[in-house]
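One structure is given here, and the rest of the page talks about it.
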Amino acid sequence: MKFLGNISSDIIEPMAQRLAQALADLKPFEVEVRGLGTFPGGSRPRVIWLGFGEGKAILAELARRVEEACVDLGFARENRPFSPHLTIGRVRRPTPQLSALRDNIARVEYNPLKLSVDRVNLMKSKLSPRGPTYTVLTALTLGES
């Protein structure tokens, strides 16, 4: 929901506390996974994503609260509007098959899937040539006031 960049380990505890305050009254909720597409939409897609239907408004509220908590701690406000999605793939380099990939993605149909959202994780990512490795630094359970 919010990329913080390289941060000091000293900010993890204050960030966890501020997020816990910001999310204290949010209860677990469900979102419907619906839609499949690419960013950007032109001939050179870089991200393959799943979108959301029902529950998208609550997800946007959660993102707004995360953003405000981060701004309160001195992080820059995101300039782009929140676009809720799940990244399921990235295109590393252009190939002649990209237009076929984009066209095939546009034809995919699936039954919507419901997901439960019951926590927010503060994550660490470490990039390597084989891809990123993610570690949960703090898990904040929704509904725990």
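Letters A, B, ... go to the chains of the structure tokens in the order shown; residues in each chain start at 1; ligands are counted from 1 in the same order.
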
Practice item. Pick out the residues sitting within 10 Å of Gln17 of chain A, and hand them over as a ChimeraX atom specification; count only C-alpha atoms, and ignore anything fewer than 5 positions along from it in its own chain. Key: /A:12,22,69,140

For the residues in the current selection, export C-alpha atoms as a short mmCIF file (atom, residue, chain, number, x, y, z; two decimals), in the first residue's frame.
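Here's the written file again_12.cif:
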```
data_model
loop_
_atom_site.label_atom_id
_atom_site.label_comp_id
_atom_site.auth_asym_id
_atom_site.auth_seq_id
_atom_site.Cartn_x
_atom_site.Cartn_y
_atom_site.Cartn_z
CA ILE A 12 10.00 0.29 12.68
CA ALA A 22 -4.58 4.61 12.66
CA ALA A 69 0.25 7.45 9.36
CA LEU A 140 -1.04 -5.56 12.81
#
```

Exercise for review: Might you pull out every residue within 9 Å of Met15 of chain A, with only C-alpha atoms counted and same-chain residues fewer than 4 positions away left off, and present them as a PyMOL selection string?
Suggested key: chain A and resi 11+19-20+69-70+73+122

Restricted to N, CA and C atoms, what would the selected residues look like written as a short mmCIF file (atom, residue, chain, number, x, y, z; two decimals), in the first residue's frame?
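To be explicit, this is the file written out as part17.cif:
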```cif
data_model
loop_
_atom_site.label_atom_id
_atom_site.label_comp_id
_atom_site.auth_asym_id
_atom_site.auth_seq_id
_atom_site.Cartn_x
_atom_site.Cartn_y
_atom_site.Cartn_z
N ILE A 11 12.89 3.31 12.90
CA ILE A 11 11.54 3.79 12.59
C ILE A 11 10.50 2.66 12.67
N LEU A 19 0.73 3.03 13.02
CA LEU A 19 -0.22 2.26 12.20
C LEU A 19 -1.29 1.62 13.08
N ALA A 20 -0.89 1.08 14.23
CA ALA A 20 -1.87 0.47 15.15
C ALA A 20 -2.92 1.49 15.56
N ALA A 69 -0.69 7.85 8.30
CA ALA A 69 0.25 7.45 9.36
C ALA A 69 1.69 7.67 8.90
N CYS A 70 1.97 7.34 7.66
CA CYS A 70 3.32 7.53 7.13
C CYS A 70 3.68 9.01 7.02
N LEU A 73 4.71 10.54 10.19
CA LEU A 73 6.07 10.19 10.60
C LEU A 73 7.14 10.79 9.69
N LEU A 122 3.87 -4.73 7.97
CA LEU A 122 4.99 -3.86 7.64
C LEU A 122 6.08 -4.80 7.13
#
```

**Study point:** 12 Å contact set for Arg65 of chain A, only C-alpha atoms, chain neighbours under 4 positions out, as a list in words
**Key:** Met1, Lys2, Arg18, Leu19, Ala20, Gln21, Ala22, Leu23, Ala24, Asp25, Leu26, Ile58, Leu59, Ala60, Glu61, Ala69, Cys70, Val71, Asp72, Arg77, Phe82 and Val120 of chain A

Next, dump the selected residues to file, keeping only C-alpha atoms, as a CSV table (one decimal), in the first residue's frame.
```csv
chain,number,residue,atom,x,y,z
A,1,MET,CA,0.0,0.0,0.0
A,2,LYS,CA,2.9,2.3,0.7
A,18,ARG,CA,1.3,4.8,14.6
A,19,LEU,CA,-0.2,2.3,12.2
A,20,ALA,CA,-1.9,0.5,15.1
A,21,GLN,CA,-3.4,3.8,16.2
A,22,ALA,CA,-4.6,4.6,12.7
A,23,LEU,CA,-6.2,1.2,12.1
A,24,ALA,CA,-7.5,0.6,15.6
A,25,ASP,CA,-11.2,0.8,14.7
A,26,LEU,CA,-11.1,-1.0,11.4
A,58,ILE,CA,-12.9,-0.2,2.6
A,59,LEU,CA,-9.5,-1.1,1.0
A,60,ALA,CA,-9.1,2.5,-0.1
A,61,GLU,CA,-9.9,3.7,3.4
A,69,ALA,CA,0.2,7.5,9.4
A,70,CYS,CA,3.3,7.5,7.1
A,71,VAL,CA,3.0,11.3,6.5
A,72,ASP,CA,2.7,11.9,10.2
A,77,ARG,CA,2.8,11.9,0.5
A,82,PHE,CA,-4.5,4.9,-4.9
A,120,VAL,CA,-1.6,-5.1,7.7
```

Exercise for review: Determine which residues of chain A DSSP labels as alpha helix (DSSP H) from the backbone of this structure, then write them out as a PyMOL selection string.
Suggested key: chain A and resi 12-23+56-72+98-107

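Between atom CA of Val136 of chain A and atom CA of Met123 of chain A lies a distance of 4.6 Å.
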
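Nearest-residue note for Ala63 of chain A: choosing from A:His85, A:Arg93, A:Lys114, A:Arg46, the minimum distance belongs to A:His85, counting only C-alpha atoms.
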
Check your understanding: Between atom CA of Gly55 of chain A and atom CA of Ser116 of chain A, what is the spacing in Å?
Key -> 9.9 Å

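Atom CA of Gly89 of chain A lies 13.8 Å from atom CA of Arg130 of chain A.
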
Practice item. Pull the strand (DSSP E) assignments for chain A out of DSSP run on the backbone, and list those residues as a VMD selection string. Key: chain A and resid 29 to 39 47 to 52 86 to 90 113 to 117 119 to 126 133 to 141

Practice item. Please provide as number ranges by chain all residues within 8 Å of Leu115 of chain A, with the sequence filter that same-chain residues fewer than 4 positions apart are discarded (counting only C-alpha atoms). Key: A: 30-33

The selected residues should be written to file as an mmCIF file, in the first residue's frame (atoms: N, CA and C atoms).
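Below is the file selection.cif, written as the result:
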```cif
data_model
loop_
_atom_site.group_PDB
_atom_site.id
_atom_site.type_symbol
_atom_site.label_atom_id
_atom_site.label_comp_id
_atom_site.auth_asym_id
_atom_site.auth_seq_id
_atom_site.Cartn_x
_atom_site.Cartn_y
_atom_site.Cartn_z
ATOM 1 N N GLU A 30 -13.902 -8.297 3.785
ATOM 2 C CA GLU A 30 -13.648 -9.094 2.589
ATOM 3 C C GLU A 30 -13.564 -8.182 1.374
ATOM 4 N N VAL A 31 -12.717 -8.585 0.438
ATOM 5 C CA VAL A 31 -12.657 -7.932 -0.862
ATOM 6 C C VAL A 31 -12.846 -8.995 -1.928
ATOM 7 N N GLU A 32 -13.424 -8.571 -3.025
ATOM 8 C CA GLU A 32 -13.643 -9.469 -4.150
ATOM 9 C C GLU A 32 -12.561 -9.212 -5.186
ATOM 10 N N VAL A 33 -11.813 -10.258 -5.524
ATOM 11 C CA VAL A 33 -10.798 -10.155 -6.576
ATOM 12 C C VAL A 33 -11.528 -10.314 -7.905
#
```

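Comparing the minimum interatomic distances between Lys56 of chain A and each of A:Pro84, A:Leu127, A:Phe75, A:Thr38, counting only C-alpha atoms, we find that A:Pro84 sits nearest.
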
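Proximity of A:Glu144, A:Thr95, A:Phe39, A:Leu113 to Glu54 of chain A, computed with only C-alpha atoms, is greatest for A:Leu113.
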
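Neighbouring residues of Arg90 of chain A at 12 Å or closer, counting only C-alpha atoms and skipping chain neighbours under 5 positions away, are Gly37, Thr38, Phe39, Pro40, Arg44, Pro45, Arg46, Val47, Ile48, Trp49, Leu98, Leu101, Gly131 and Pro132 of chain A.
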